[in-house]
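A.B. asks: The following block contains the structure, expressed as structure tokens.
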Amino acid sequence: MAGYFSKEAIDELYAGQKDMRQRFASLREQFLTRTYKSERGREFAYHGFSRRLGTMARAVDLIFEKLPPELEQIPAKDTVLEATIAIQSFVMNAFGCLDNLAWIWVCEKPVLKDGKELDPLKVGLGPKSKEVRASFSQKFVAHLESRQNWVDQHLKGFRDSLAHRIPLYIPPYIVTPEAIDSYNKLEVQSAEALRNLHVHAYEELQAAQKALGLWRPWMTHSVTEKSPRAVFHPQLIADYMTIDEFGRAMLDELALQGL
């Protein structure tokens with residue numbers, strides 16, 4: 001049975017994972033070794049952004065360990081569940097990284113309104129956080145605007161569904177159109193066996209159904225919402241690199257404004 005990725009794609013994915021690890025170590029060091037003006041800014045850098053980066057990097061490593069790109073056979077249910085937990089953690093922490101960067105900035109600048117601290121709900125990097133956006137350089141605002149679709153359409157979409165509606169999941173396997181009729185017949189037979197308490201027959205029919213399936217490294221959330229489907233190995237690496245980019249841009253902005 002052929003795997004989902006080509007040999008060249010697999011090599012690129014492992015190279016991307018290695019690059020992610022190197023960039024993680026570099027970026028974390030920069031946030032941990034810089035001097036902060038405020039204790040809160042330091043806390044958001046140390047225990048917020050840096051800790052989240054580590055969680056995200058480890059989540060990607062776990063996914064590569066549990067469901068390696070070269071995998072061909074349908075994995076065990078518990079293995080898929082463990083990888084799903086890692087993906088959900090990755091998405092929540094990626095979103096949290098952006099908030100942590102905003103908090104670092106607000107604390108270090110500091111950004112105030114009428115001489116008072118901002119309402120926490122007004123702290124963010126998005127266009128709705130007007131006081132925060134107004135304190136950035138034009139260069140940094142241009143960077144944020146260039147990534148706004150990624151935040152709104154991709155990251156926020158996955159995060160909002162995960163937090164409020166249907167959680168991200170990895171389908172156990174897919175069934176091709178050619179095999180769907182056979183799969184549905186087995187579904188009817190297995191349901192009948194279960195109703196009649198024919199446990200052995202039920203297990204055999206379930207195994208026959210699974211044998212018709214194909215493993216695909218996809219993640220999605222809602223079927224009724226027609227949610228986008230993503231191939232999770234390259235997507236998670238790309239998303240990590242985008243968060244890394246945000247972090248480095250924030251360091252540049254802090255330096256630019258002498259903070």
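In the structure tokens, chains take letters A, B, ... by order of appearance, with residues numbered from 1 within each chain and ligands from 1 in the order shown.
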For the structure I just gave you, how does DSSP split region 110-170 of chain A - specifically, which residues are strand (DSSP E)? Reply as a PyMOL selection string.
C.D. replies: chain A and resi 112-113+116-117
A.B. asks: Save the residues we just selected, all heavy atoms, as a PDB file, in the first residue's frame?
C.D. replies:
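To be explicit, this is the file written out as result.pdb:
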```pdb
ATOM      1  N   LEU A 112      -1.351  52.863  27.094  1.00  0.00           N
ATOM      2  CA  LEU A 112      -2.363  53.263  28.062  1.00  0.00           C
ATOM      3  C   LEU A 112      -3.498  54.000  27.357  1.00  0.00           C
ATOM      4  O   LEU A 112      -3.346  54.444  26.214  1.00  0.00           O
ATOM      5  CB  LEU A 112      -1.747  54.193  29.119  1.00  0.00           C
ATOM      6  CG  LEU A 112      -0.524  53.668  29.879  1.00  0.00           C
ATOM      7  CD1 LEU A 112       0.078  54.784  30.728  1.00  0.00           C
ATOM      8  CD2 LEU A 112      -0.896  52.469  30.742  1.00  0.00           C
ATOM      9  N   LYS A 113      -4.616  54.142  28.049  1.00  0.00           N
ATOM     10  CA  LYS A 113      -5.727  54.948  27.552  1.00  0.00           C
ATOM     11  C   LYS A 113      -6.145  55.892  28.666  1.00  0.00           C
ATOM     12  O   LYS A 113      -6.549  55.439  29.750  1.00  0.00           O
ATOM     13  CB  LYS A 113      -6.910  54.074  27.133  1.00  0.00           C
ATOM     14  CG  LYS A 113      -8.053  54.887  26.530  1.00  0.00           C
ATOM     15  CD  LYS A 113      -9.174  53.989  26.017  1.00  0.00           C
ATOM     16  CE  LYS A 113     -10.265  54.830  25.363  1.00  0.00           C
ATOM     17  NZ  LYS A 113     -11.373  53.978  24.849  1.00  0.00           N
ATOM     18  N   LYS A 116      -4.543  55.217  31.949  1.00  0.00           N
ATOM     19  CA  LYS A 116      -4.879  53.981  32.662  1.00  0.00           C
ATOM     20  C   LYS A 116      -4.581  52.763  31.799  1.00  0.00           C
ATOM     21  O   LYS A 116      -4.498  52.859  30.574  1.00  0.00           O
ATOM     22  CB  LYS A 116      -6.364  53.989  33.048  1.00  0.00           C
ATOM     23  CG  LYS A 116      -6.758  55.124  33.975  1.00  0.00           C
ATOM     24  CD  LYS A 116      -8.247  55.059  34.300  1.00  0.00           C
ATOM     25  CE  LYS A 116      -8.656  56.208  35.217  1.00  0.00           C
ATOM     26  NZ  LYS A 116     -10.118  56.168  35.524  1.00  0.00           N
ATOM     27  N   GLU A 117      -4.409  51.624  32.452  1.00  0.00           N
ATOM     28  CA  GLU A 117      -4.170  50.380  31.730  1.00  0.00           C
ATOM     29  C   GLU A 117      -5.362  50.046  30.836  1.00  0.00           C
ATOM     30  O   GLU A 117      -6.510  50.348  31.180  1.00  0.00           O
ATOM     31  CB  GLU A 117      -3.922  49.225  32.702  1.00  0.00           C
ATOM     32  CG  GLU A 117      -2.622  49.335  33.468  1.00  0.00           C
ATOM     33  CD  GLU A 117      -2.357  48.104  34.324  1.00  0.00           C
ATOM     34  OE1 GLU A 117      -3.204  47.182  34.320  1.00  0.00           O
ATOM     35  OE2 GLU A 117      -1.303  48.062  34.996  1.00  0.00           O
TER      36      GLU A 117
END
```
A.B. asks: What's around region 45-56 of chain A at 7 Å? Count only C-alpha atoms, leave out sequence neighbours fewer than 2 positions away in its own chain, and write the answer as number ranges by chain.
C.D. replies: A: 24, 28, 31-32, 41-43, 58-60, 90, 93, 97, 100-101, 104
A.B. asks: Looking at A:Ser161, A:Gln17, A:Ser135, A:Gln30, which one is nearest to Val91 (chain A), with distances taken over only C-alpha atoms?
C.D. replies: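 For Val91 (chain A), the nearest of the candidates is A:Ser161.
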A.B. asks: Which residues come within 8 Å of region 168-184 of chain A, counting only C-alpha atoms, excluding same-chain residues fewer than 3 positions away, as JSON, numbers by chain?
C.D. replies: {"A": [74, 75, 77, 80, 81, 84, 87, 88, 158, 161, 162, 187, 188, 209, 210, 212, 213, 214, 215, 216, 217, 218, 219, 220, 221]}
A.B. asks: Just to be explicit: take each residue in the selection above, keep C-alpha atoms, and write the result as a PDB file, in the first residue's frame.
C.D. replies:
```pdb
ATOM      1  CA  ILE A  74      -4.462   2.800   9.153  1.00  0.00           C
ATOM      2  CA  PRO A  75      -3.199   3.650  12.665  1.00  0.00           C
ATOM      3  CA  LYS A  77      -7.606   4.576  17.298  1.00  0.00           C
ATOM      4  CA  VAL A  80      -4.917   8.952  16.289  1.00  0.00           C
ATOM      5  CA  LEU A  81      -6.521  10.334  19.458  1.00  0.00           C
ATOM      6  CA  THR A  84      -5.484  14.816  17.792  1.00  0.00           C
ATOM      7  CA  ILE A  87      -3.024  19.205  17.214  1.00  0.00           C
ATOM      8  CA  GLN A  88      -5.685  20.788  19.422  1.00  0.00           C
ATOM      9  CA  PHE A 158      -9.770  26.510  13.606  1.00  0.00           C
ATOM     10  CA  SER A 161     -14.454  25.955  16.194  1.00  0.00           C
ATOM     11  CA  LEU A 162     -12.184  24.082  18.617  1.00  0.00           C
ATOM     12  CA  GLU A 187     -22.301  -1.150   7.958  1.00  0.00           C
ATOM     13  CA  VAL A 188     -25.853  -2.517   7.741  1.00  0.00           C
ATOM     14  CA  GLN A 209     -15.079  -2.241   6.806  1.00  0.00           C
ATOM     15  CA  LYS A 210     -11.753  -0.913   8.015  1.00  0.00           C
ATOM     16  CA  LEU A 212     -11.761  -0.917   2.717  1.00  0.00           C
ATOM     17  CA  GLY A 213     -10.410   2.319   4.166  1.00  0.00           C
ATOM     18  CA  LEU A 214      -7.341   4.366   3.320  1.00  0.00           C
ATOM     19  CA  TRP A 215      -5.226   6.384   5.745  1.00  0.00           C
ATOM     20  CA  ARG A 216      -5.035  10.097   5.050  1.00  0.00           C
ATOM     21  CA  PRO A 217      -3.160  12.634   7.258  1.00  0.00           C
ATOM     22  CA  TRP A 218      -5.998  15.142   7.269  1.00  0.00           C
ATOM     23  CA  MET A 219      -7.496  17.310   9.979  1.00  0.00           C
ATOM     24  CA  THR A 220     -10.838  19.115   9.941  1.00  0.00           C
ATOM     25  CA  HIS A 221     -13.672  20.038  12.288  1.00  0.00           C
TER      26      HIS A 221
END
```
A.B. asks: Tell me which protein, DNA and RNA residues are within 10 Å of Phe246 (chain A), counting only C-alpha atoms, leaving out same-chain ones fewer than 3 positions away, and put them as a ChimeraX atom specification.
C.D. replies: /A:97-98,101,140,143-144,147,240-243,249-252
A.B. asks: Keeping only N, CA and C atoms, write the selected residues to a file as a short mmCIF file (atom, residue, chain, number, x, y, z; two decimals), in the first residue's frame.
C.D. replies:
```
data_model
loop_
_atom_site.label_atom_id
_atom_site.label_comp_id
_atom_site.auth_asym_id
_atom_site.auth_seq_id
_atom_site.Cartn_x
_atom_site.Cartn_y
_atom_site.Cartn_z
N CYS A 97 -0.12 32.58 21.47
CA CYS A 97 1.16 33.25 21.21
C CYS A 97 0.93 34.68 20.72
N LEU A 98 -0.04 34.87 19.84
CA LEU A 98 -0.30 36.20 19.32
C LEU A 98 -0.78 37.13 20.43
N LEU A 101 2.25 38.08 22.60
CA LEU A 101 3.08 39.11 21.97
C LEU A 101 2.45 40.49 22.18
N PHE A 140 5.55 47.65 11.14
CA PHE A 140 4.98 46.51 11.86
C PHE A 140 3.50 46.35 11.54
N HIS A 143 3.21 44.55 8.39
CA HIS A 143 3.42 43.11 8.58
C HIS A 143 2.14 42.45 9.10
N LEU A 144 1.51 43.06 10.08
CA LEU A 144 0.28 42.49 10.63
C LEU A 144 -0.80 42.40 9.57
N ARG A 147 -0.57 39.51 7.19
CA ARG A 147 -0.88 38.19 7.76
C ARG A 147 -2.30 38.11 8.31
N TYR A 240 3.64 26.96 12.46
CA TYR A 240 4.68 27.26 13.45
C TYR A 240 5.61 28.35 12.92
N MET A 241 6.03 28.22 11.67
CA MET A 241 6.93 29.20 11.07
C MET A 241 6.30 30.58 11.02
N THR A 242 4.99 30.64 10.83
CA THR A 242 4.31 31.93 10.81
C THR A 242 4.31 32.57 12.19
N ILE A 243 4.09 31.78 13.23
CA ILE A 243 4.18 32.31 14.60
C ILE A 243 5.61 32.75 14.89
N ALA A 249 9.36 39.51 14.28
CA ALA A 249 8.92 40.86 13.92
C ALA A 249 8.67 41.70 15.17
N MET A 250 8.14 41.09 16.22
CA MET A 250 7.91 41.81 17.47
C MET A 250 9.24 42.21 18.11
N LEU A 251 10.24 41.34 18.08
CA LEU A 251 11.55 41.70 18.60
C LEU A 251 12.12 42.89 17.84
N ASP A 252 11.96 42.89 16.53
CA ASP A 252 12.44 44.01 15.71
C ASP A 252 11.71 45.30 16.09
#
```
A.B. asks: If we count only C-alpha atoms and set the cut-off at 12 Å, which residues sit around Leu121 (chain A), ignoring sequence neighbours fewer than 2 positions away in its own chain? Please answer as a list in words.
C.D. replies: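 Listing them by chain and then by number gives Asp99, Ala102, Trp103, Glu117, Leu118, Asp119, Val123, Gly124, Leu125, Gly126, Lys128, Ser129, Lys130, Glu131 and Val132 of chain A.
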A.B. asks: Any chance you can output those residues with C-alpha atoms as a PDB file, in the first residue's frame?
C.D. replies:
```pdb
ATOM      1  CA  ASP A  99      -2.076  37.437  22.445  1.00  0.00           C
ATOM      2  CA  ALA A 102       0.446  41.835  22.271  1.00  0.00           C
ATOM      3  CA  TRP A 103       0.703  41.745  26.066  1.00  0.00           C
ATOM      4  CA  GLU A 117      -4.170  50.380  31.730  1.00  0.00           C
ATOM      5  CA  LEU A 118      -6.141  49.035  28.783  1.00  0.00           C
ATOM      6  CA  ASP A 119      -9.156  46.826  29.279  1.00  0.00           C
ATOM      7  CA  VAL A 123      -5.254  43.967  24.083  1.00  0.00           C
ATOM      8  CA  GLY A 124      -4.403  42.178  20.836  1.00  0.00           C
ATOM      9  CA  LEU A 125      -2.622  42.505  17.522  1.00  0.00           C
ATOM     10  CA  GLY A 126      -5.765  42.682  15.385  1.00  0.00           C
ATOM     11  CA  LYS A 128     -10.043  45.896  16.600  1.00  0.00           C
ATOM     12  CA  SER A 129      -7.322  46.639  19.184  1.00  0.00           C
ATOM     13  CA  LYS A 130      -7.095  50.251  18.035  1.00  0.00           C
ATOM     14  CA  GLU A 131      -4.979  51.665  20.859  1.00  0.00           C
ATOM     15  CA  VAL A 132      -2.432  48.880  20.468  1.00  0.00           C
TER      16      VAL A 132
END
```
A.B. asks: Counting only C-alpha atoms, figure out which residue out of A:Ala76, A:Val106, A:Ala57, A:Ala163 gets nearest to Phe44 (chain A).
C.D. replies: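 Closest candidate: A:Val106.
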A.B. asks: Measuring atom to atom with only C-alpha atoms, identify which of A:Glu108, A:Glu253, A:Asp160, A:Glu192 is nearest to Ala142 (chain A).
C.D. replies: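 Smallest distance to Ala142 (chain A) is found for A:Glu253.
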A.B. asks: Calculate how many Å separate CA of Leu259 (chain A) from CA of Ser38 (chain A), rounding to one decimal.
C.D. replies: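 It comes out at 10.4 Å.
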